[in-house]
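**Q** Please read through the structure below; I'll follow up with questions.
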Amino acid sequence: MESMQTKVFSNKVTNLYQGHKITKIPTHRTKTFAFPVKDSSSKLVLHQNDLSAPQNLIYRPQRKHDIATSALSSADTCVIDKFDPDEVHSITKQERIGVLLLNLGGPETLNDVQPFLYNLFADPDIIRLPRLFKFLQKPLAQLISLLRAPKSKEAYASIGGGSPLLRITNEQAEALKEALEEKKLHAKIYVGMRYWHPFTEEAINQIKKDHISKLVVLPLYPQFSISTSGSSISVLNNIFREDGYFEGLPISIIESWYQRDGYIKSMADLIQKELLSFSNSDEVMIFFSAHGVPISYVEEAGDPYKDQMEDCISLIMCELKSRGVKNSHVLAYQSRVGPVQWLKPYTDEKIVELGQNGVKSLLAVPISFVSEHIETLEEIDMEYKELALESGIENWGRVPALNCTSSFISDLANLVIEALPTASAVARSRNNDNYTDESDTDATQFAVKMLFGSVIAFFLLLFPKLISLFKNSLF
C-alpha cells in the first residue's frame with residue numbers, strides 16, 4: 001500500500017485512508033504531521049514521535065497568525081510568512097544541493113493521451129477503491145482511459161496537440177536555479193512528473209547519478225491534497241525507504257506553501273492587473289476556480305485541501321483589500337469526473353447561476369495551478385468562457401497562471417533556502433513487506449485479472465446508465 005503524510009487536526013479523531021482506518025493521536029492546536037504505520041491489526045496508527053518515519057522530513061512554513069476563521073470584513077491587516085535571511089543557516093560549498101520539483105505531467109503528443117490517462121486513473125490516490133476491489137484498479141483505469149481518450153484528444157488538439165506543462169515546468173526550474181544563484185546558493189534542479197515523462201523515478205535516478213548530498217522536495221501545488229502532492233510524496237516515501245542511497249541522506253519535503261508572502265502577493269498582482277483591463281473594474285466579480293476533488297477525500301480521508309483552499313482565498317482577498325480592491329469574489333471547483341459527489345459549488349453551475357443573477361463582468365482566477373495547462377487553456381479559456389457568455393455574462397477575463405513570474409520564483413527560492421536547514425535523514429525500512437505494492441509477477445495470473453476485472457469494470461461503469469434506461473422504459 002502506498003503510504004503518505006497525513007494531516008492531523010485536533011478536532012478530528014479518526015478518518016479513512018485507502019481502506020484502512022487511521023487512529024489519530026490528539027495534538028495541540030498547531031497543525032502537525034504524522035506518518036501512518038501499519039500495526040498487526042491492519043489499522044494505521046499515527047506515530048508522531050517515530051523518527052524513523054518520513055514525517056520528520058516534512059518542512060512546513062509556519063504562519064504567525066491564522067486568519068482562516070476570521071472574516072475578511074474584520075481583517076484590516078494580513079499577517080503572512082516573510083523570508084528572514086538572518087535565519088538561513090550557512091551552507092558549505094562541498095554540499096551538492098538538489099531540488100526536486102514535483103508536478104502532474106501531461107501528454108506531449110496526441111498519441112500520449114491514452115497512456116497518460118491510464119497512468120492517472122491507475123493511481124489509487126485518484127480512484128480510491130476498497131481493498132476488496134483493489135484488483136479492479138488497473139482494468140478500470142484501462143477502460144476509463146480508452147473511453148475518455150477521444151474527447152481528451154480533442155481538447156489537447158485545441159491547444160496545439162499536447163500539454164505545455166513540461167516546457168513551462170522546465171522554464172520554472174531554470175528560473176529557480178538562477179534565483180538561487182543570485183542568493184548565493186548553487187543547486188541542481190530536477191523535474192519529476194507523476195503521470196508522464198520525466199517520471200519521478202527518472203528524476204530520482206538522475207539525483208543518484210549526480211551524487212546529491214542534500215535534497216529539497218518541492219511540489220508545485222500550493223495547497224496539499226491526497227490526489228496531488230500526497231500521491232507524489234507517497235511514491236517518494238516508498239523510494240526513500242527501499243533505496244539504500246537515501247539512507248542517511250538529509251531530505252526536506254515541503255508539503256504546501258499557499259500561505260507564503262511571495263505567492264499571495266504575486267497572485268494579488270496578477271488579479272489587480274487584469275482588473276484594470278475592465279472598463280468597470282469595481283463591478284467585476286472575482287471568480288476563483290480550483291481543481292476539484294471528490295468530497296469523500298475531505299469528509300472521510302481528512303484531506304486538508306478544502307480548508308487550505310479557502311484559507312488561501314482569504315489571504316489573497318485580504319491582500320487585495322489592503323490595496324483598496326473591494327470586489328466581490330466566489331470560489332468554485334472544476335474538472336469533476338464520474339458520478340460521485342465532488343467539492344461544490346461546481347464551476348460550470350456557478351457560472352450559470354451568476355449569469356442568471358445579473359452578474360455582467362467576471363474575472364476567472366485559476367487558483368490551484370501555477371502553470372498553464374489543459375485545465376486553464378481549454379477548460380477555462382474555451383469551455384467556461386463560452387458558457388459564461390451564453391449565460392448572460394458580457395465581459396470575461398482570465399488571470400494568467402504564475403508560470404515564471406519573477407516575484408513568485410524569487411519566493412520559491414527563499415522557500416528552498418528556508419527548508420534546507422530542516423533536512424533530516426530517513427531510516428531505510430528493514431521490512432518492506434508493509435510498504436511494497438502488490439506486484440503481478442505471474443503473467444497468466446495478471447492476464448486473468450485484467451480480463452475478469454475489465455468485464456466487471458465495464459459493467460460497473462455502465463450500470464448507472466443501464467438503470468437510467470430501465471427507468472425511462474418504465475415511465
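For the C-alpha cells, the naming scheme is as follows: chains receive sequential letters (A, B, ...) according to their order of presentation, residues are indexed from 1 within each chain, and ligands are indexed from 1 in presentation order.
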I want to know what sits within 9 Å of Cys312 in chain A, based on only C-alpha atoms, with residues of the same chain fewer than 2 positions away left out; could you give that as a list of chain:residue names?
**A**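 My reading of the contact set: A:Ala68, A:Pro222, A:Gln223, A:Tyr258, A:Gln259, A:Ile264, A:Asp307, A:Gln308, A:Met309, A:Glu310, A:Ser314, A:Leu315, A:Ile316, A:Met317, A:Ile367.
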**Q** Would you export the selected residues with C-alpha atoms as a CSV table (one decimal), in the first residue's frame, please?
**A**
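Listed below is the output, part-v4.csv:
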chain,number,residue,atom,x,y,z
A,68,ALA,CA,-8.8,31.1,8.2
A,222,PRO,CA,0.4,25.5,-3.5
A,223,GLN,CA,-2.3,23.5,-1.5
A,258,TYR,CA,-0.1,28.6,-0.3
A,259,GLN,CA,0.3,30.9,2.7
A,264,ILE,CA,-0.1,35.7,-2.1
A,307,ASP,CA,-9.6,24.2,4.2
A,308,GLN,CA,-6.3,25.2,2.7
A,309,MET,CA,-8.0,26.5,-0.5
A,310,GLU,CA,-10.5,28.6,1.5
A,314,SER,CA,-9.0,34.6,2.3
A,315,LEU,CA,-5.3,35.6,2.3
A,316,ILE,CA,-5.4,36.8,-1.4
A,317,MET,CA,-8.6,38.8,-0.8
A,367,ILE,CA,-6.1,29.3,-8.1
**Q** Which neighbours of Val293 in chain A fall inside 10 Å, counting only C-alpha atoms, when residues of the same chain fewer than 5 positions from it are skipped, and could you give them as a count of residues only?
**A** 18
**Q** Find the residues around range 183-196 of chain A up to 6 Å (only C-alpha atoms counted), leave out those fewer than 4 positions away in its own chain, and share them as a ChimeraX atom specification.
**A** /A:97-106,119-120,173,200,203
**Q** Of the residues A:Lys138, A:Ser296, A:Ala268, A:Ser152, which is the one nearest to Asp123 in chain A, using only C-alpha atoms?
**A** A:Lys138
**Q** Would you kindly return, as number ranges by chain, each protein, DNA or RNA residue with an atom no farther than 12 Å from any atom of Met267 in chain A, considering only C-alpha atoms and excluding same-chain residues fewer than 4 positions away?
**A** A: 222, 258-263, 271-274, 288, 312-313, 315-320, 365-370, 399-403, 405-408
**Q** If you keep C-alpha atoms, can you produce a file of those selected residues as a PDB file, in the first residue's frame?
**A**
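File produced: again38.pdb:
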ATOM      1  CA  PRO A 222       0.377  25.458  -3.456  1.00  0.00           C
ATOM      2  CA  TYR A 258      -0.070  28.568  -0.272  1.00  0.00           C
ATOM      3  CA  GLN A 259       0.280  30.932   2.705  1.00  0.00           C
ATOM      4  CA  ARG A 260       3.626  32.437   1.673  1.00  0.00           C
ATOM      5  CA  ASP A 261       4.020  36.154   1.219  1.00  0.00           C
ATOM      6  CA  GLY A 262       5.540  35.883  -2.257  1.00  0.00           C
ATOM      7  CA  TYR A 263       2.817  33.607  -3.591  1.00  0.00           C
ATOM      8  CA  ILE A 271      -5.510  39.852 -10.310  1.00  0.00           C
ATOM      9  CA  GLN A 272      -5.097  43.590  -9.820  1.00  0.00           C
ATOM     10  CA  LYS A 273      -3.515  43.946 -13.256  1.00  0.00           C
ATOM     11  CA  GLU A 274      -6.319  42.036 -15.013  1.00  0.00           C
ATOM     12  CA  PHE A 288     -11.606  31.679  -8.201  1.00  0.00           C
ATOM     13  CA  CYS A 312      -5.659  30.768   0.525  1.00  0.00           C
ATOM     14  CA  ILE A 313      -8.561  32.738  -0.964  1.00  0.00           C
ATOM     15  CA  LEU A 315      -5.279  35.617   2.260  1.00  0.00           C
ATOM     16  CA  ILE A 316      -5.397  36.798  -1.354  1.00  0.00           C
ATOM     17  CA  MET A 317      -8.569  38.825  -0.814  1.00  0.00           C
ATOM     18  CA  CYS A 318      -7.094  40.279   2.363  1.00  0.00           C
ATOM     19  CA  GLU A 319      -4.036  41.391   0.401  1.00  0.00           C
ATOM     20  CA  LEU A 320      -6.240  42.891  -2.316  1.00  0.00           C
ATOM     21  CA  VAL A 365      -8.653  33.110 -11.476  1.00  0.00           C
ATOM     22  CA  PRO A 366      -7.141  29.596 -11.750  1.00  0.00           C
ATOM     23  CA  ILE A 367      -6.103  29.264  -8.130  1.00  0.00           C
ATOM     24  CA  SER A 368      -4.698  25.735  -7.760  1.00  0.00           C
ATOM     25  CA  PHE A 369      -2.497  25.954 -10.864  1.00  0.00           C
ATOM     26  CA  VAL A 370       0.910  27.672 -11.151  1.00  0.00           C
ATOM     27  CA  VAL A 399      -5.846  35.839 -14.822  1.00  0.00           C
ATOM     28  CA  PRO A 400      -2.824  34.022 -16.309  1.00  0.00           C
ATOM     29  CA  ALA A 401      -1.057  31.299 -14.351  1.00  0.00           C
ATOM     30  CA  LEU A 402       2.028  32.377 -12.428  1.00  0.00           C
ATOM     31  CA  ASN A 403       4.433  30.473 -14.695  1.00  0.00           C
ATOM     32  CA  THR A 405       6.607  35.457 -12.616  1.00  0.00           C
ATOM     33  CA  SER A 406       9.776  36.851 -11.017  1.00  0.00           C
ATOM     34  CA  SER A 407       8.288  37.575  -7.572  1.00  0.00           C
ATOM     35  CA  PHE A 408       6.836  34.060  -7.428  1.00  0.00           C
TER      36      PHE A 408
END
